[in-house]
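Enquirer: As input, take final37.cif (mmCIF, C-alpha atoms):
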```cif
data_entry
#
loop_
_atom_site.label_atom_id
_atom_site.label_comp_id
_atom_site.auth_asym_id
_atom_site.auth_seq_id
_atom_site.Cartn_x
_atom_site.Cartn_y
_atom_site.Cartn_z
CA MET A 1 -2.15 -9.65 -0.27
CA ALA A 2 -2.16 -6.07 1.01
CA GLY A 3 -4.40 -7.07 3.91
CA ARG A 4 -8.03 -7.91 4.56
CA ARG A 5 -10.47 -5.39 6.01
CA VAL A 6 -13.81 -6.59 7.38
CA VAL A 7 -16.04 -3.53 7.65
CA VAL A 8 -19.45 -3.74 9.31
CA PHE A 9 -22.19 -1.17 8.69
CA PRO A 10 -25.41 -0.81 10.70
CA SER A 11 -27.45 -1.73 7.63
CA SER A 12 -27.24 -1.85 3.84
CA ALA A 13 -28.49 1.77 3.82
CA GLU A 14 -25.15 2.88 5.28
CA LEU A 15 -23.11 0.33 3.34
CA GLY A 16 -24.30 1.59 -0.06
CA PRO A 17 -22.81 5.11 0.07
CA ALA A 18 -19.50 3.73 1.38
CA LEU A 19 -19.42 1.24 -1.52
CA ALA A 20 -20.02 4.05 -4.02
CA HIS A 21 -17.17 6.02 -2.47
CA LEU A 22 -14.87 3.01 -2.74
CA VAL A 23 -15.69 2.71 -6.45
CA THR A 24 -15.23 6.40 -7.24
CA SER A 25 -12.09 6.81 -5.15
CA ARG A 26 -10.45 3.83 -6.84
CA ALA A 27 -11.62 5.19 -10.21
CA GLU A 28 -9.98 8.57 -9.58
CA LYS A 29 -6.76 6.91 -8.47
CA SER A 30 -6.63 4.54 -11.45
CA ILE A 31 -7.45 7.21 -14.02
CA ALA A 32 -4.75 9.47 -12.59
CA SER A 33 -2.21 6.63 -12.82
CA ASN A 34 -3.25 4.72 -15.95
CA GLY A 35 -5.75 6.87 -17.83
CA ARG A 36 -8.62 4.45 -17.23
CA PHE A 37 -10.50 2.54 -14.53
CA THR A 38 -11.21 -1.17 -14.94
CA LEU A 39 -14.13 -2.54 -12.93
CA GLY A 40 -15.55 -6.06 -12.70
CA LEU A 41 -19.21 -6.32 -11.73
CA SER A 42 -21.33 -9.08 -10.21
CA GLY A 43 -25.10 -9.49 -10.21
CA GLY A 44 -27.67 -10.18 -7.53
CA SER A 45 -28.56 -7.51 -4.99
CA LEU A 46 -25.38 -5.61 -5.89
CA VAL A 47 -26.99 -4.32 -9.11
CA SER A 48 -29.66 -2.21 -7.46
CA MET A 49 -27.45 -1.06 -4.57
CA LEU A 50 -24.57 0.07 -6.76
CA SER A 51 -26.80 1.65 -9.41
CA LYS A 52 -28.77 3.64 -6.85
CA GLU A 53 -25.71 4.92 -5.01
CA LEU A 54 -23.62 5.81 -8.07
CA LEU A 55 -26.52 7.66 -9.68
CA ALA A 56 -26.93 9.69 -6.48
CA LEU A 57 -23.42 11.11 -6.84
CA PRO A 58 -23.07 14.58 -8.36
CA GLN A 59 -20.81 14.91 -11.40
CA LEU A 60 -20.16 11.19 -11.81
CA ASP A 61 -17.85 10.79 -14.82
CA CYS A 62 -17.58 7.26 -16.23
CA SER A 63 -16.12 8.22 -19.62
CA LYS A 64 -12.83 6.45 -18.86
CA TRP A 65 -14.29 3.36 -17.24
CA VAL A 66 -13.91 -0.15 -18.69
CA VAL A 67 -16.42 -2.56 -17.19
CA GLY A 68 -16.40 -6.35 -17.36
CA PHE A 69 -18.46 -9.02 -15.64
CA CYS A 70 -17.14 -11.42 -13.01
CA ASP A 71 -19.65 -13.96 -14.28
CA GLU A 72 -22.64 -13.93 -16.57
CA ARG A 73 -25.61 -16.16 -17.29
CA LEU A 74 -25.94 -17.47 -20.84
CA VAL A 75 -29.30 -15.86 -21.55
CA SER A 76 -30.39 -13.06 -23.86
CA PHE A 77 -29.75 -9.53 -22.64
CA THR A 78 -33.51 -8.96 -22.35
CA ASP A 79 -33.87 -11.89 -19.95
CA PRO A 80 -34.29 -10.80 -16.29
CA GLU A 81 -31.48 -13.26 -15.42
CA SER A 82 -28.97 -11.28 -17.55
CA THR A 83 -26.56 -9.38 -15.31
CA TYR A 84 -25.60 -7.07 -18.18
CA GLY A 85 -29.27 -6.48 -18.97
CA LEU A 86 -29.98 -5.41 -15.39
CA TYR A 87 -27.03 -3.03 -15.26
CA LYS A 88 -27.94 -1.63 -18.68
CA SER A 89 -31.44 -0.68 -17.57
CA GLN A 90 -30.52 0.46 -14.05
CA LEU A 91 -27.10 2.07 -14.57
CA PHE A 92 -25.37 2.07 -17.97
CA SER A 93 -28.22 3.82 -19.78
CA LYS A 94 -28.02 6.67 -17.24
CA ILE A 95 -24.26 7.36 -17.14
CA ASN A 96 -21.68 8.48 -19.69
CA ILE A 97 -19.84 5.21 -20.11
CA PRO A 98 -19.05 4.55 -23.79
CA ASP A 99 -20.38 1.35 -25.37
CA SER A 100 -16.78 0.38 -26.08
CA GLY A 101 -16.15 0.49 -22.34
CA ILE A 102 -18.63 -2.31 -21.58
CA LEU A 103 -17.28 -5.82 -22.19
CA THR A 104 -20.26 -8.11 -22.72
CA ILE A 105 -20.54 -11.78 -23.54
CA ASP A 106 -21.95 -13.01 -26.86
CA SER A 107 -24.98 -14.84 -25.54
CA SER A 108 -25.76 -16.35 -28.95
CA LEU A 109 -22.76 -18.68 -28.74
CA PRO A 110 -22.63 -22.15 -27.13
CA VAL A 111 -21.28 -21.91 -23.60
CA ASP A 112 -17.74 -23.17 -24.43
CA LYS A 113 -17.41 -20.76 -27.36
CA CYS A 114 -18.91 -17.96 -25.28
CA ALA A 115 -16.17 -18.41 -22.66
CA GLU A 116 -13.49 -18.41 -25.38
CA ASP A 117 -14.96 -15.29 -26.96
CA TYR A 118 -15.08 -13.45 -23.63
CA THR A 119 -11.51 -14.50 -22.93
CA CYS A 120 -10.48 -12.86 -26.22
CA LYS A 121 -12.33 -9.67 -25.30
CA LEU A 122 -10.55 -9.50 -21.94
CA LYS A 123 -7.18 -10.18 -23.55
CA GLU A 124 -7.77 -7.30 -25.97
CA ALA A 125 -8.72 -5.03 -23.07
CA PHE A 126 -5.69 -6.12 -20.99
CA PRO A 127 -2.86 -6.60 -23.49
CA GLY A 128 0.36 -7.94 -22.04
CA ASP A 129 -1.20 -9.44 -18.88
CA ASP A 130 -1.17 -13.21 -18.43
CA PHE A 131 -4.33 -12.70 -16.42
CA PRO A 132 -6.30 -9.44 -16.59
CA VAL A 133 -5.51 -7.15 -13.68
CA PHE A 134 -8.68 -5.26 -12.79
CA ASP A 135 -8.48 -2.15 -10.64
CA LEU A 136 -11.55 -3.27 -8.69
CA LEU A 137 -13.73 -6.37 -8.63
CA LEU A 138 -17.07 -6.26 -6.83
CA LEU A 139 -18.20 -9.69 -5.66
CA GLY A 140 -21.17 -11.17 -3.88
CA MET A 141 -21.45 -14.42 -1.97
CA GLY A 142 -24.30 -16.90 -2.00
CA PRO A 143 -25.63 -18.71 1.09
CA ASP A 144 -23.62 -21.74 -0.08
CA GLY A 145 -20.37 -19.72 -0.09
CA HIS A 146 -20.14 -19.44 -3.87
CA THR A 147 -18.82 -16.35 -5.61
CA CYS A 148 -18.78 -15.50 -9.31
CA SER A 149 -20.08 -18.80 -10.71
CA LEU A 150 -17.55 -20.78 -8.69
CA PHE A 151 -19.51 -23.24 -6.60
CA PRO A 152 -18.46 -25.48 -3.67
CA ASP A 153 -16.72 -28.72 -4.66
CA HIS A 154 -16.80 -27.81 -8.36
CA PRO A 155 -13.78 -28.68 -10.55
CA LEU A 156 -13.55 -25.07 -11.78
CA LEU A 157 -12.15 -24.10 -8.38
CA GLU A 158 -8.92 -25.80 -9.43
CA GLU A 159 -8.68 -24.08 -12.85
CA LYS A 160 -5.24 -22.49 -13.17
CA GLN A 161 -4.91 -21.68 -16.89
CA LYS A 162 -8.16 -20.26 -18.21
CA ILE A 163 -9.18 -16.63 -17.82
CA VAL A 164 -12.87 -17.30 -18.36
CA ALA A 165 -14.37 -20.75 -17.90
CA PRO A 166 -17.70 -22.19 -19.04
CA ILE A 167 -20.05 -23.93 -16.65
CA SER A 168 -22.98 -26.02 -17.87
CA ASP A 169 -24.04 -27.56 -14.57
CA SER A 170 -24.51 -24.60 -12.25
CA PRO A 171 -26.37 -25.78 -9.13
CA LYS A 172 -28.13 -22.42 -9.21
CA PRO A 173 -30.24 -21.74 -12.31
CA PRO A 174 -29.74 -20.89 -15.07
CA PRO A 175 -27.30 -23.80 -15.51
CA GLN A 176 -25.19 -22.35 -18.34
CA ARG A 177 -22.84 -19.52 -17.39
CA VAL A 178 -19.35 -18.18 -17.92
CA THR A 179 -17.18 -17.09 -15.02
CA MET A 180 -13.85 -15.48 -14.25
CA THR A 181 -11.50 -18.00 -12.68
CA LEU A 182 -9.75 -17.66 -9.33
CA PRO A 183 -6.40 -16.65 -10.91
CA VAL A 184 -8.13 -13.63 -12.49
CA VAL A 185 -9.98 -12.71 -9.31
CA ASN A 186 -6.81 -12.98 -7.25
CA SER A 187 -4.85 -10.83 -9.72
CA ALA A 188 -7.02 -7.76 -9.07
CA ARG A 189 -5.63 -4.65 -7.43
CA CYS A 190 -8.66 -4.52 -5.15
CA VAL A 191 -11.50 -6.96 -4.45
CA ALA A 192 -14.57 -5.99 -2.46
CA PHE A 193 -17.21 -8.43 -1.30
CA VAL A 194 -20.64 -7.07 -0.44
CA SER A 195 -22.64 -9.40 1.80
CA THR A 196 -25.79 -8.44 3.66
CA GLY A 197 -28.58 -10.10 5.62
CA GLY A 198 -28.86 -12.65 8.40
CA SER A 199 -29.07 -15.56 5.94
CA LYS A 200 -25.34 -15.06 5.27
CA ALA A 201 -24.24 -15.02 8.92
CA ALA A 202 -23.30 -18.69 9.38
CA VAL A 203 -21.44 -19.10 6.08
CA LEU A 204 -19.74 -15.72 6.55
CA LYS A 205 -18.34 -16.91 9.86
CA ASP A 206 -16.87 -20.00 8.18
CA VAL A 207 -15.46 -17.98 5.29
CA LEU A 208 -13.85 -15.29 7.44
CA GLU A 209 -12.83 -17.43 10.41
CA GLY A 210 -11.75 -20.57 8.57
CA GLY A 211 -14.31 -22.95 9.96
CA LYS A 212 -14.72 -25.29 7.00
CA ALA A 213 -12.54 -27.66 5.01
CA PRO A 214 -12.36 -27.61 2.08
CA ALA A 215 -12.70 -23.85 2.09
CA TYR A 216 -15.75 -22.23 0.56
CA PRO A 217 -15.10 -20.65 -2.86
CA ALA A 218 -15.41 -17.15 -1.38
CA ALA A 219 -12.70 -18.01 1.17
CA ARG A 220 -10.31 -18.76 -1.69
CA VAL A 221 -10.44 -15.16 -2.87
CA LEU A 222 -7.11 -13.89 -1.56
CA PRO A 223 -5.61 -11.29 -3.91
CA THR A 224 -1.93 -11.97 -4.55
CA SER A 225 -0.88 -8.36 -4.03
CA GLY A 226 -4.15 -6.44 -3.93
CA GLU A 227 -6.52 -5.21 -1.25
CA LEU A 228 -9.44 -7.29 0.02
CA PHE A 229 -12.55 -5.75 1.57
CA TRP A 230 -15.55 -7.48 3.10
CA LEU A 231 -18.35 -4.92 3.36
CA ILE A 232 -21.16 -6.39 5.44
CA ASP A 233 -24.12 -5.28 7.54
CA GLU A 234 -24.86 -6.06 11.19
CA PRO A 235 -27.29 -8.92 10.44
CA ALA A 236 -24.61 -10.69 8.37
CA ALA A 237 -21.99 -10.09 11.09
CA THR A 238 -23.91 -11.55 14.03
CA ALA A 239 -21.87 -14.78 14.27
CA LEU A 240 -18.41 -13.24 13.84
CA THR A 241 -15.89 -13.36 16.66
CA ILE A 242 -12.97 -11.79 14.75
CA GLN A 243 -12.08 -8.14 15.13
CA VAL A 244 -13.94 -5.95 12.63
CA GLU A 245 -14.20 -2.25 11.80
CA ARG A 246 -17.57 -0.61 12.40
CA LEU A 247 -18.19 2.36 10.15
CA GLY A 248 -21.06 4.47 8.84
CA ALA A 249 -22.26 5.83 5.51
CA GLU A 250 -19.57 8.51 5.42
CA ALA A 251 -16.75 5.94 5.53
CA LYS A 252 -13.88 6.66 3.15
CA LEU A 253 -12.46 3.28 2.21
#
```
In structure tokens, what does this structure look like?
Expert:
Amino acid sequence: MAGRRVVVFPSSAELGPALAHLVTSRAEKSIASNGRFTLGLSGGSLVSMLSKELLALPQLDCSKWVVGFCDERLVSFTDPESTYGLYKSQLFSKINIPDSGILTIDSSLPVDKCAEDYTCKLKEAFPGDDFPVFDLLLLGMGPDGHTCSLFPDHPLLEEKQKIVAPISDSPKPPPQRVTMTLPVVNSARCVAFVSTGGSKAAVLKDVLEGGKAPAYPAARVLPTSGELFWLIDEPAATALTIQVERLGAEAKL
């Protein structure tokens, strides 16, 4: 791992612009090197924050972006639980990303087949990689320490072979989902967690300071050779005793 940076912002209002800069700076770097930028998205509060901040940028060019989903709920795209559906209405419909650059699940398939189908789509997008190597993955963390759809004490945490795994018994509804596995997450060139609010403070302390065994799923995200960012606000950071960076909206990550 290239090193972990825990960056604390006064509030989510300052965190958002810094997150957008992280995305666009990594995009510029990746496009210059490889001709494209590969981004993995998560749902939850990240959807509205990222959409708002990216759309506020002048001259945003997403024509060479390839976007996948770190996990997705097995619901129709018109369902409010659909992560793709939320990004489509709030972001994709307002930027110049080509349809071919958005890797979506086939929500009409049974969950096992859906995971296999999405695995094939990722393999086509990342030919030659045992596990897809995304330029940037954006992750959230639940109050139970889960990330993607990888939940505490779930057998999927030990999955070593699959790229995308099905889950039919998610403790958080809806129960049927597909998720990237830890080997994919930890293959990324850069992973950034976004975690805000006082409800995350206690679990964030355990994740970042190693206070729980077995480790929370989010604590098992340790990129093999990539960067790891934790972008958090002051309410989420209240219990931390480790050294952190404190930055503002103009931060260049």
Enquirer: Give me, as a PyMOL selection string, all polymer residues having an atom no more than 7 Å from segment 172-175 of chain A, counting only C-alpha atoms and skipping those fewer than 3 positions away in the same chain.
Expert: chain A and resi 73+168-169
Enquirer: So, with only C-alpha atoms as the atoms that count, which of A:Thr78, A:Thr83, A:Gln161, A:Thr224 lies closest to Ala188 of chain A?
Expert: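 Selected residue with least distance to Ala188 of chain A: A:Thr224.
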Enquirer: Could you pull the residues within 8 Å of Gly145 of chain A, counting only C-alpha atoms, minus those fewer than 2 positions along the same chain, as a PyMOL selection string?
Expert: chain A and resi 141-143+147+151-152+203-204+207+216-219
Enquirer: Have a look at A:Gly128, A:Gly248, A:Gly68, A:Pro80 and name the one nearest to Asp99 of chain A; count only C-alpha atoms.
Expert: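 Comparing A:Gly128, A:Gly248, A:Gly68, A:Pro80 against Asp99 of chain A, the winner is A:Gly68.
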Enquirer: As a check of understanding, name the residues that the PyMOL selection byres ((chain A and resi 27) around 10) selects in the supplied structure, as a short mmCIF file (atom, residue, chain, number, x, y, z; two decimals) with C-alpha atoms, keeping the file's coordinate frame.
Expert:
```cif
data_model
loop_
_atom_site.label_atom_id
_atom_site.label_comp_id
_atom_site.auth_asym_id
_atom_site.auth_seq_id
_atom_site.Cartn_x
_atom_site.Cartn_y
_atom_site.Cartn_z
CA HIS A 21 -17.17 6.02 -2.47
CA LEU A 22 -14.87 3.01 -2.74
CA VAL A 23 -15.69 2.71 -6.45
CA THR A 24 -15.23 6.40 -7.24
CA SER A 25 -12.09 6.81 -5.15
CA ARG A 26 -10.45 3.83 -6.84
CA GLU A 28 -9.98 8.57 -9.58
CA LYS A 29 -6.76 6.91 -8.47
CA SER A 30 -6.63 4.54 -11.45
CA ILE A 31 -7.45 7.21 -14.02
CA ALA A 32 -4.75 9.47 -12.59
CA SER A 33 -2.21 6.63 -12.82
CA GLY A 35 -5.75 6.87 -17.83
CA ARG A 36 -8.62 4.45 -17.23
CA PHE A 37 -10.50 2.54 -14.53
CA THR A 38 -11.21 -1.17 -14.94
CA LEU A 39 -14.13 -2.54 -12.93
CA ASP A 61 -17.85 10.79 -14.82
CA CYS A 62 -17.58 7.26 -16.23
CA LYS A 64 -12.83 6.45 -18.86
CA TRP A 65 -14.29 3.36 -17.24
CA ASP A 135 -8.48 -2.15 -10.64
CA LEU A 136 -11.55 -3.27 -8.69
#
```
Enquirer: Would you kindly translate the PyMOL selection byres ((chain A and resi 251) around 10) into the concrete residues it picks from this file, as a list of chain:residue names?
Expert: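 Checking the PyMOL selection byres ((chain A and resi 251) around 10) against this file, the residues are A:Val7, A:Phe9, A:Glu14, A:Leu15, A:Pro17, A:Ala18, A:Leu19, A:His21, A:Leu22, A:Arg246, A:Leu247, A:Gly248, A:Ala249, A:Glu250, A:Lys252, A:Leu253.
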Enquirer: Using only C-alpha atoms, can you tell me which of A:Gln90, A:Glu124, A:Leu137, A:Ser108 comes closest to Val67 of chain A?
Expert: A:Leu137
Enquirer: Selection in question (the file shown): the PyMOL selection byres ((chain A and resi 40) around 12). Which residues does it include, as a ChimeraX atom specification?
Expert: /A:23,37-39,41-43,46,65-72,83-84,101-104,122,132-140,148,179-180,184-185,188-193
Enquirer: Using all atoms listed in the file for the distances, tell me which of A:Pro166, A:Pro223, A:Gly85, A:Pro10 is nearest to Val111 of chain A.
Expert: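 Closest candidate: A:Pro166.
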Enquirer: Quick one: pull the distance between atom CA of Leu74 of chain A and atom CA of Asp106 of chain A, Å, one decimal.
Expert: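 About the pair atom CA of Leu74 of chain A and atom CA of Asp106 of chain A: they are 8.5 Å apart.
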Enquirer: Do you have the atom CA of Glu227 of chain A-atom CA of Ser48 of chain A distance handy?
Expert: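 So the answer is 24.1 Å.
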